[in-house]
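> One structure follows; several queries about it will come next.
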Amino acid sequence: MRQSSVRGERGRRRAPEARDLGWDDSMYEEGADPNVTAPQGKGEHSGKGRGERHRRGGPRKKRGRGARILRWTAFSAAVLILGTAGAGYFYYEHLSGNIKKGDLNLGKNRLDRSAANAKGQRPLNILLLGSDSRNSAENVALGGSHRDVGRKPLADVQMLLHVSADRSNMSVISIPRDTRVTIPECKDPDDGKVYRKTDREIINASLMNGGPGCTVATWEELTGIPVDHFMMIDFAGVVNMADAVGGVPVCVKNNVYDKLSGLRLEKGDHKVKGKQALQWLRTRHGFEDGSDIGRTHAQHMYMNAMVRQLKSGTKLTDPGQLSDLAEAATKALTVDKGLGTPKKLYDLTDELKQVSTKRITMTTMPWIQDPLNPKAHVVPKPGDADKLFSLVRDDKSLDGKDKKDKDKKDEKGAGQDKKTTPSDPAAPKGEIGVTVQNGTGTASQAPAPGRAGTISAELVKEGFTKAAADTTPKTQATTVISYPKADKRGDAQAVAKALGLPDSALRMSTSVQQITLVVGADWRTGTSYPKDAGSDDKSDDKAPDSSAALNGDDSAACMDVNPLNRF
């Protein structure tokens with residue numbers, strides 16, 4: 001039986017009335033009927049945040065064909081790396097000259113890298129961005145809207161791709177472009193201009209504040225997840241991807257006709273390619289409730305299907321087609337400087353290829369309507385969004401299928417033969433060396449002063465006389481106690497118990513020499529860890545229903561169709 005693309009209980013977003021949004025002919029497809037209006041209750045979003053941006057940057061700009069294309073391009077860039085791996089290392093050497101590079105993070109405070117596990121492996125977090133730039137003739141031809149030529153681009157698609165430290169699973173979090181967030185202070189590396197921190201803009205505007213490095217800083221501030229790399233792609237170089245893989249299988253639960261995108265499909269399974277693939281990826285009004293959220297879900301379905309095509313043996317076999325596609329795509333690609341060499345791109349291919357499609361989970365950040373502008377914007381849903389971000393921060397799979405006692409398994413695999421129990425023997429408190437570091441700073445908050453000294457003093461009071469503060473600057477969202485080898489786990493548990501920390505805060509890591517406590521941004525005051533800041537409830541270790549999780553191997557998923565767009 002076909003499954004709905006929407007899972008669990010999720011609130012419906014009320015889209016604004018078309019008459020409130022200043023629709024004009026520039027919003028329609030070439031050849032579309034300009035007298036056609038948006039379905040009742042549906043339309044592109046506008047609002048104070050975006051209005052402020054346009055007043056700052058000039059006349060208000062209408063989104064054209066290109067903005068709707070952009071929803072799929074960022075993930076396609078990652079898929080392209082997978083699909084063209086067979087082209088070989090030397091071909092990447094040739095392509096490297098096409099790739100543009102930028103600074104990873106333009107914020108003042110940057111999160112530390114994720115800690116290594118017992119085997120020395122680290123999670124990998126890549127921010128995938130789609131830019132709506134019209135600053136080349138090719139992008140104008142693809143995206144339309146000549147009036148936007150010269151405008152700073154917006155990041156209209158944003159997805160964080162998280163690959164687990166052991167490369168067993170992959171998680172993807174999408175954030176709707178109209179999410180109002182805090183954009184931290186960023187400095188443009190080209191002209192030195194400083195953009196002030198603001199909480200009145202939506203997340204796609206972060207790209208205008210110096211480039212993708214500011215969007216990285218915004219994600220780190222919002223999620224507490226350290227970003228290792230970014231990949232940004234514009235219109236050019238990706239429009240032929242569906243043809244290159246021979247079409248992408250999709251499904252609709254009813255006949256659908258979206259007059260604005262042009263998509264017209266009968267109920268059931270289809271393989272879309274070329275123009276029809278673009279129509280699928282641009283369709284908004286035809287799916288679910290006609291909002292941008294439904295379009296995101298359709299794109300997740302498309303992306304999962306494309307990955308399955310490539311991993312199941314579909315290959316880009318036409319040398320000319322492969323060459324043209326790779327040339328165009330790399331010319332449209334911007335990456336951080338740490339990812340800007342052929343070898344690193346090639347190595348990234350191997351990292352991504354290790355993950356089975358059964359362990360890929362696509363999600364959308366849980367959201368609610370923005371109290372300040374409910375018709376146009378959304379904000380993260382309290383509780384559920386925090387939970388989703390926390391799972392990724394802690395390197396837990398969003399499908400809830402992590403093996404139990406994963407740390408114990410890692411210890412064994414790292415050559416530690418000692419069997420451990422939930423309450424491992426600990427050395428006398430006075431013999432346990434503990435390093436305490438202050439990691440309470442974030443992208444938008446200065447570190448809480450004196451936290452390392454305060455907590456180390458509390459540990460001394462509790463009998464851990466060898467506890468000492470380390471002034472090395474750290475930035476970490478959650479509090480973690482790391483221990484260097486299995487026979488030190490009991491010592492780490494003793495420290496955690498003294499401070500009220502849950503066992504989930506313990507990590508075995510090759511990056512520390514002794515018990516090391518990093519006080520995170522979740523513990524800025526007090527000497528006892530807040531009870532509501534952490535939990536050992538293992539039943540909670542999967543993505544919340546409101547994130548509309550879609551498994552990468554779910555070929556039975558089928559899109560709901562908006563009743564107003566059926567035929």
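Residue numbering restarts at 1 in every chain; chains get A, B, ... in the order shown in the structure tokens, and ligands count up from 1 in that same order.
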Enumerate, as a ChimeraX atom specification, the complete set of residues in range 328-548 of chain A that a backbone-based DSSP assignment places in strand (DSSP E or B).
/A:333-336,360-364,367-369,378-380,434-438,440,467-470,475,480-483,506-508,515-519
> Looking only at the backbone, which of the residues in range 195-295 of chain A does DSSP tag as alpha helix (DSSP H), as a list in words?
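Filtering range 195-295 of chain A to alpha helix (DSSP H) leaves Pro212, Gly213, Cys214, Thr215, Val216, Ala217, Thr218, Trp219, Glu220, Glu221, Leu222, Thr223, Met241, Ala242, Asp243, Ala244, Gly274, Lys275, Gln276, Ala277, Leu278, Gln279, Trp280, Leu281, Arg282, Asp292, Ile293, Gly294 and Arg295 of chain A.
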> Nearest residue to Lys358 in chain A out of A:Leu501, A:Leu506, A:Met170, A:Val495, using only C-alpha atoms?
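Closest to Lys358 in chain A, using only C-alpha atoms: A:Met170.
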